[in-house]
Amino acid sequence: MLTRIDHIGIACFDLDKTVEFYRATYGFEVFHSEVNEEQGVREAMLKINDTSDGGASYLQLLEPTRPDSTVAKWLDKNGEGVHHIAFGTADVDADAASVKEKGVRVLYEEPRRGSMGSRITFLHPKDCHGVLTELVTSAPVESPEH
Ligand code: MC0
């Protein structure tokens, strides 16, 4: 079951400048940043709010790390802007199977590694009324050591 907007992915040419825009304009701070070589992105997660399912909602700012990455291709064609929306679920495998049964193309056979150790898959934008859609199961929260 999809229980939150996990994040909105925003493609940008210059991650540092875009982070600074969101900090200076809205006061949003970087919660986490990483490079995901498989996806070809450098990203910053800006936490917006906690959600009632125990998760959170973020803005995900994405800068391509190589010219053949999906985000670089998208920027070439469209310029900066909203690239995808991600829904959070406790069980990405089950939800991916469920939407596949309904005729939506799921882009990965098995979920791959996403931001902060999450497991992610994508749905084809042409099957989702033009919206590249991601399903995300967050990594389990580590309990503090005693
Ligand atoms: C492409 N299309 C989109 C789109 N990207 N439509 C809406 N939103 C997007 N983001 C449209 C194109 O305009 C085109 O439509 C058609 O889909 C085919 O696109 P293409 O440019 O020819 O490119 P393809 O077919 O090679 O690839 C499209 C596809 C790809 C969606 C399969 O981008 C993909 O696999 N995306 C999933 C992975 C991804 O995006 N990773 C980056 C974020 P027309 O009408 O011109 O035919 S990584 C991430 O977000 C991770 C780190 C995380 O969340 O943790």
# chains A, B, ... in the order shown; residues from 1 in each chain; ligands from 1
$ residues_near_ligand --ligand "ligand 1" --cutoff "6 Å" --atoms "only C-alpha atoms and all ligand atoms" --output "list in words"
Asn36, Gln39, Thr70, Val71, Trp74, His83, His84, Gly114, Ser115, Phe122, His124, Pro125, Gly130, Val131 and Leu132 of chain A
$ write_last_selection --atoms "N, CA, C and O atoms" --output "CSV table (one decimal), in the first residue's frame"
chain,number,residue,atom,x,y,z
A,36,ASN,N,24.9,8.4,-6.6
A,36,ASN,CA,24.4,7.1,-6.9
A,36,ASN,C,24.9,6.8,-8.3
A,36,ASN,O,24.4,7.3,-9.3
A,39,GLN,N,22.6,5.1,-11.0
A,39,GLN,CA,21.6,6.0,-11.6
A,39,GLN,C,22.2,7.2,-12.3
A,39,GLN,O,21.5,7.9,-13.0
A,70,THR,N,20.0,9.0,-17.3
A,70,THR,CA,18.6,9.4,-17.7
A,70,THR,C,18.3,10.8,-17.3
A,70,THR,O,17.6,11.5,-18.1
A,71,VAL,N,18.9,11.3,-16.2
A,71,VAL,CA,18.6,12.7,-15.8
A,71,VAL,C,19.3,13.7,-16.8
A,71,VAL,O,18.7,14.7,-17.2
A,74,TRP,N,17.2,13.8,-19.9
A,74,TRP,CA,16.0,14.6,-19.6
A,74,TRP,C,16.2,16.1,-19.6
A,74,TRP,O,15.5,16.9,-20.1
A,83,HIS,N,11.2,16.0,-12.3
A,83,HIS,CA,11.6,14.9,-13.1
A,83,HIS,C,10.7,13.7,-12.8
A,83,HIS,O,10.4,12.9,-13.6
A,84,HIS,N,10.4,13.5,-11.5
A,84,HIS,CA,9.6,12.3,-11.1
A,84,HIS,C,8.9,12.5,-9.7
A,84,HIS,O,9.3,13.4,-9.0
A,114,GLY,N,18.2,2.8,-3.9
A,114,GLY,CA,17.9,4.2,-4.0
A,114,GLY,C,18.5,5.0,-2.8
A,114,GLY,O,19.4,4.5,-2.1
A,115,SER,N,18.1,6.2,-2.7
A,115,SER,CA,18.6,7.1,-1.7
A,115,SER,C,18.6,6.6,-0.3
A,115,SER,O,17.6,5.9,0.1
A,122,PHE,N,10.9,1.9,-10.8
A,122,PHE,CA,10.2,3.0,-11.5
A,122,PHE,C,9.1,2.4,-12.4
A,122,PHE,O,9.2,1.3,-12.9
A,124,HIS,N,6.8,3.2,-16.0
A,124,HIS,CA,7.1,4.0,-17.2
A,124,HIS,C,6.1,5.2,-17.3
A,124,HIS,O,4.9,5.0,-17.1
A,125,PRO,N,6.7,6.4,-17.6
A,125,PRO,CA,5.8,7.6,-17.6
A,125,PRO,C,4.7,7.5,-18.6
A,125,PRO,O,3.7,8.1,-18.4
A,130,GLY,N,2.1,10.5,-18.3
A,130,GLY,CA,3.2,11.4,-18.5
A,130,GLY,C,4.1,11.6,-17.3
A,130,GLY,O,5.0,12.5,-17.3
A,131,VAL,N,3.8,10.9,-16.2
A,131,VAL,CA,4.6,11.1,-14.9
A,131,VAL,C,5.5,9.9,-14.6
A,131,VAL,O,5.0,8.8,-14.4
A,132,LEU,N,6.8,10.2,-14.7
A,132,LEU,CA,7.7,9.1,-14.2
A,132,LEU,C,7.5,8.9,-12.7
A,132,LEU,O,7.6,9.8,-12.0
$ residues_around --residues "segment 40-57 of chain A" --least-positions-apart "3" --cutoff "6 Å" --atoms "only C-alpha atoms" --output "list in words"
Ile5, Asp6, His7, Glu29, Val30, Phe31, His32, Ser33, Glu34, Val35, Asn36, Glu37, Gln60, Leu61, Leu62, Glu63, Pro64, Thr65 and Ser69 of chain A
$ atom_distance --atom1 "atom CA of Cys128 of chain A" --atom2 "atom CA of Val104 of chain A"
7.6 Å
$ residues_around --residues "Thr137 of chain A" --least-positions-apart "6" --cutoff "10 Å" --atoms "only C-alpha atoms" --output "ChimeraX atom specification"
/A:2,6,55,87-93,111,113-114,117-121
$ write_last_selection --atoms "all heavy atoms" --output "compact mmCIF listing (two decimals), in the first residue's frame"
# COMPACT_ATOMS: atom_id res chain seq x y z
N LEU A 2 0.54 2.18 -0.86
CA LEU A 2 1.32 3.42 -0.95
C LEU A 2 0.80 4.39 0.11
O LEU A 2 -0.40 4.69 0.13
CB LEU A 2 1.19 4.03 -2.35
CG LEU A 2 1.50 3.05 -3.50
CD1 LEU A 2 1.27 3.73 -4.84
CD2 LEU A 2 2.93 2.52 -3.39
N ASP A 6 6.93 10.04 -0.92
CA ASP A 6 8.27 9.92 -0.34
C ASP A 6 9.14 11.10 -0.77
O ASP A 6 9.82 11.71 0.05
CB ASP A 6 8.92 8.61 -0.75
CG ASP A 6 10.26 8.41 -0.06
OD1 ASP A 6 11.28 8.88 -0.61
OD2 ASP A 6 10.28 7.81 1.03
N GLY A 55 7.37 7.40 8.07
CA GLY A 55 8.38 7.84 7.11
C GLY A 55 8.48 9.35 7.05
O GLY A 55 8.20 10.05 8.04
N PHE A 87 6.34 7.48 -4.54
CA PHE A 87 5.42 7.10 -3.47
C PHE A 87 6.11 6.11 -2.54
O PHE A 87 6.79 5.19 -3.00
CB PHE A 87 4.16 6.43 -4.05
CG PHE A 87 3.33 7.34 -4.91
CD1 PHE A 87 3.09 7.04 -6.23
CD2 PHE A 87 2.78 8.51 -4.39
CE1 PHE A 87 2.32 7.87 -7.04
CE2 PHE A 87 2.01 9.36 -5.18
CZ PHE A 87 1.78 9.03 -6.50
N GLY A 88 5.91 6.29 -1.25
CA GLY A 88 6.50 5.40 -0.25
C GLY A 88 5.57 4.25 0.10
O GLY A 88 4.34 4.41 0.14
N THR A 89 6.18 3.10 0.31
CA THR A 89 5.43 1.89 0.66
C THR A 89 6.29 1.04 1.59
O THR A 89 7.51 1.05 1.49
CB THR A 89 5.08 1.06 -0.59
OG1 THR A 89 4.65 -0.25 -0.17
CG2 THR A 89 6.26 0.88 -1.53
N ALA A 90 5.63 0.26 2.44
CA ALA A 90 6.37 -0.68 3.28
C ALA A 90 6.85 -1.89 2.48
O ALA A 90 7.72 -2.63 2.93
CB ALA A 90 5.49 -1.13 4.45
N ASP A 91 6.27 -2.11 1.28
CA ASP A 91 6.59 -3.33 0.52
C ASP A 91 6.63 -3.02 -0.98
O ASP A 91 5.63 -3.20 -1.69
CB ASP A 91 5.56 -4.41 0.84
CG ASP A 91 5.94 -5.76 0.27
OD1 ASP A 91 6.83 -5.83 -0.61
OD2 ASP A 91 5.35 -6.77 0.69
N VAL A 92 7.79 -2.55 -1.45
CA VAL A 92 7.92 -2.16 -2.86
C VAL A 92 7.71 -3.35 -3.78
O VAL A 92 7.14 -3.21 -4.88
CB VAL A 92 9.28 -1.47 -3.12
CG1 VAL A 92 10.46 -2.38 -2.88
CG2 VAL A 92 9.35 -0.90 -4.53
N ASP A 93 8.10 -4.55 -3.36
CA ASP A 93 7.92 -5.73 -4.22
C ASP A 93 6.43 -5.99 -4.47
O ASP A 93 6.01 -6.21 -5.61
CB ASP A 93 8.56 -6.97 -3.56
CG ASP A 93 10.04 -6.78 -3.31
OD1 ASP A 93 10.84 -7.09 -4.20
OD2 ASP A 93 10.39 -6.28 -2.23
N PRO A 111 13.75 -4.56 -7.43
CA PRO A 111 14.08 -3.21 -6.95
C PRO A 111 15.59 -3.01 -6.82
O PRO A 111 16.33 -3.95 -6.54
CB PRO A 111 13.38 -3.15 -5.59
CG PRO A 111 12.25 -4.10 -5.71
CD PRO A 111 12.77 -5.23 -6.56
N ARG A 113 18.95 -0.14 -5.61
CA ARG A 113 19.29 0.70 -4.46
C ARG A 113 18.98 2.17 -4.75
O ARG A 113 19.40 2.73 -5.77
CB ARG A 113 20.77 0.57 -4.10
CG ARG A 113 21.11 1.16 -2.73
CD ARG A 113 22.60 1.12 -2.45
NE ARG A 113 23.35 2.03 -3.31
CZ ARG A 113 23.38 3.36 -3.16
NH1 ARG A 113 22.71 3.93 -2.18
NH2 ARG A 113 24.07 4.10 -3.99
N GLY A 114 18.23 2.79 -3.85
CA GLY A 114 17.93 4.21 -3.97
C GLY A 114 18.54 4.99 -2.83
O GLY A 114 19.38 4.49 -2.08
N GLY A 117 19.86 4.11 1.17
CA GLY A 117 19.73 2.65 1.34
C GLY A 117 18.34 2.11 1.06
O GLY A 117 18.04 0.96 1.39
N SER A 118 17.49 2.92 0.43
CA SER A 118 16.13 2.46 0.12
C SER A 118 16.15 1.46 -1.03
O SER A 118 17.17 1.29 -1.71
CB SER A 118 15.25 3.66 -0.25
OG SER A 118 15.79 4.34 -1.37
N ARG A 119 15.02 0.79 -1.23
CA ARG A 119 14.83 -0.09 -2.40
C ARG A 119 13.78 0.56 -3.29
O ARG A 119 12.70 0.92 -2.82
CB ARG A 119 14.38 -1.49 -1.95
CG ARG A 119 15.43 -2.21 -1.12
CD ARG A 119 14.94 -3.57 -0.64
NE ARG A 119 14.83 -4.54 -1.70
CZ ARG A 119 13.69 -5.14 -2.07
NH1 ARG A 119 12.57 -4.87 -1.44
NH2 ARG A 119 13.69 -6.01 -3.04
N ILE A 120 14.15 0.70 -4.58
CA ILE A 120 13.29 1.50 -5.48
C ILE A 120 13.03 0.78 -6.79
O ILE A 120 13.81 -0.05 -7.24
CB ILE A 120 13.94 2.86 -5.80
CG1 ILE A 120 15.28 2.68 -6.56
CG2 ILE A 120 14.15 3.67 -4.52
CD1 ILE A 120 15.85 3.98 -7.13
N THR A 121 11.89 1.13 -7.38
CA THR A 121 11.67 0.78 -8.77
C THR A 121 10.92 1.93 -9.43
O THR A 121 10.45 2.84 -8.75
CB THR A 121 10.92 -0.56 -8.93
OG1 THR A 121 11.06 -1.01 -10.28
CG2 THR A 121 9.45 -0.44 -8.56
$ closest_residue --among "A:Leu75, A:Leu135, A:Arg23, A:Lys126" --to "Ala97 of chain A" --atoms "only C-alpha atoms"
A:Leu135
$ closest_residue --among "A:Arg4, A:Thr133, A:Ala139, A:Ala11" --to "Ala72 of chain A" --atoms "only C-alpha atoms"
A:Ala11
$ decode --residues "segment 63-122 of chain A" --atoms "C-alpha atoms" --output "JSON list (two decimals), in the first residue's frame"
[["chain", "number", "residue", "atom", "x", "y", "z"],
["A", 63, "GLU", "CA", 22.39, 16.59, -10.86],
["A", 64, "PRO", "CA", 23.67, 14.18, -13.51],
["A", 65, "THR", "CA", 27.16, 12.73, -13.09],
["A", 66, "ARG", "CA", 27.54, 11.60, -16.70],
["A", 67, "PRO", "CA", 26.09, 12.71, -20.05],
["A", 68, "ASP", "CA", 24.42, 9.36, -20.82],
["A", 69, "SER", "CA", 22.43, 9.22, -17.56],
["A", 70, "THR", "CA", 18.63, 9.39, -17.66],
["A", 71, "VAL", "CA", 18.63, 12.74, -15.84],
["A", 72, "ALA", "CA", 21.19, 14.25, -18.25],
["A", 73, "LYS", "CA", 19.09, 13.12, -21.21],
["A", 74, "TRP", "CA", 15.98, 14.57, -19.61],
["A", 75, "LEU", "CA", 17.71, 17.91, -18.87],
["A", 76, "ASP", "CA", 18.93, 18.15, -22.47],
["A", 77, "LYS", "CA", 15.38, 17.78, -23.70],
["A", 78, "ASN", "CA", 13.39, 19.66, -21.06],
["A", 79, "GLY", "CA", 15.70, 21.85, -18.99],
["A", 80, "GLU", "CA", 15.42, 21.97, -15.22],
["A", 81, "GLY", "CA", 12.22, 20.97, -13.44],
["A", 82, "VAL", "CA", 10.19, 18.21, -11.82],
["A", 83, "HIS", "CA", 11.57, 14.88, -13.07],
["A", 84, "HIS", "CA", 9.58, 12.31, -11.10],
["A", 85, "ILE", "CA", 7.34, 11.65, -8.13],
["A", 86, "ALA", "CA", 7.99, 8.85, -5.64],
["A", 87, "PHE", "CA", 5.42, 7.10, -3.47],
["A", 88, "GLY", "CA", 6.50, 5.40, -0.25],
["A", 89, "THR", "CA", 5.43, 1.89, 0.66],
["A", 90, "ALA", "CA", 6.37, -0.68, 3.28],
["A", 91, "ASP", "CA", 6.59, -3.33, 0.52],
["A", 92, "VAL", "CA", 7.92, -2.16, -2.86],
["A", 93, "ASP", "CA", 7.92, -5.73, -4.22],
["A", 94, "ALA", "CA", 4.21, -6.22, -3.54],
["A", 95, "ASP", "CA", 3.19, -2.80, -4.86],
["A", 96, "ALA", "CA", 5.31, -3.19, -8.00],
["A", 97, "ALA", "CA", 3.66, -6.58, -8.65],
["A", 98, "SER", "CA", 0.24, -5.07, -8.06],
["A", 99, "VAL", "CA", 0.65, -2.21, -10.56],
["A", 100, "LYS", "CA", 2.24, -4.59, -13.09],
["A", 101, "GLU", "CA", -0.90, -6.74, -12.92],
["A", 102, "LYS", "CA", -2.85, -3.63, -13.84],
["A", 103, "GLY", "CA", -0.82, -3.25, -17.05],
["A", 104, "VAL", "CA", 1.70, -0.62, -15.98],
["A", 105, "ARG", "CA", 5.28, -1.25, -17.11],
["A", 106, "VAL", "CA", 7.61, -1.68, -14.12],
["A", 107, "LEU", "CA", 11.12, -0.76, -15.29],
["A", 108, "TYR", "CA", 13.18, -3.07, -13.04],
["A", 109, "GLU", "CA", 12.82, -6.84, -12.59],
["A", 110, "GLU", "CA", 14.00, -6.42, -9.00],
["A", 111, "PRO", "CA", 14.08, -3.21, -6.95],
["A", 112, "ARG", "CA", 17.44, -1.42, -6.97],
["A", 113, "ARG", "CA", 19.29, 0.70, -4.46],
["A", 114, "GLY", "CA", 17.93, 4.21, -3.97],
["A", 115, "SER", "CA", 18.64, 7.14, -1.72],
["A", 116, "MET", "CA", 19.66, 6.42, 1.88],
["A", 117, "GLY", "CA", 19.73, 2.65, 1.34],
["A", 118, "SER", "CA", 16.13, 2.46, 0.12],
["A", 119, "ARG", "CA", 14.83, -0.09, -2.40],
["A", 120, "ILE", "CA", 13.29, 1.50, -5.48],
["A", 121, "THR", "CA", 11.67, 0.78, -8.77],
["A", 122, "PHE", "CA", 10.21, 2.99, -11.52]]
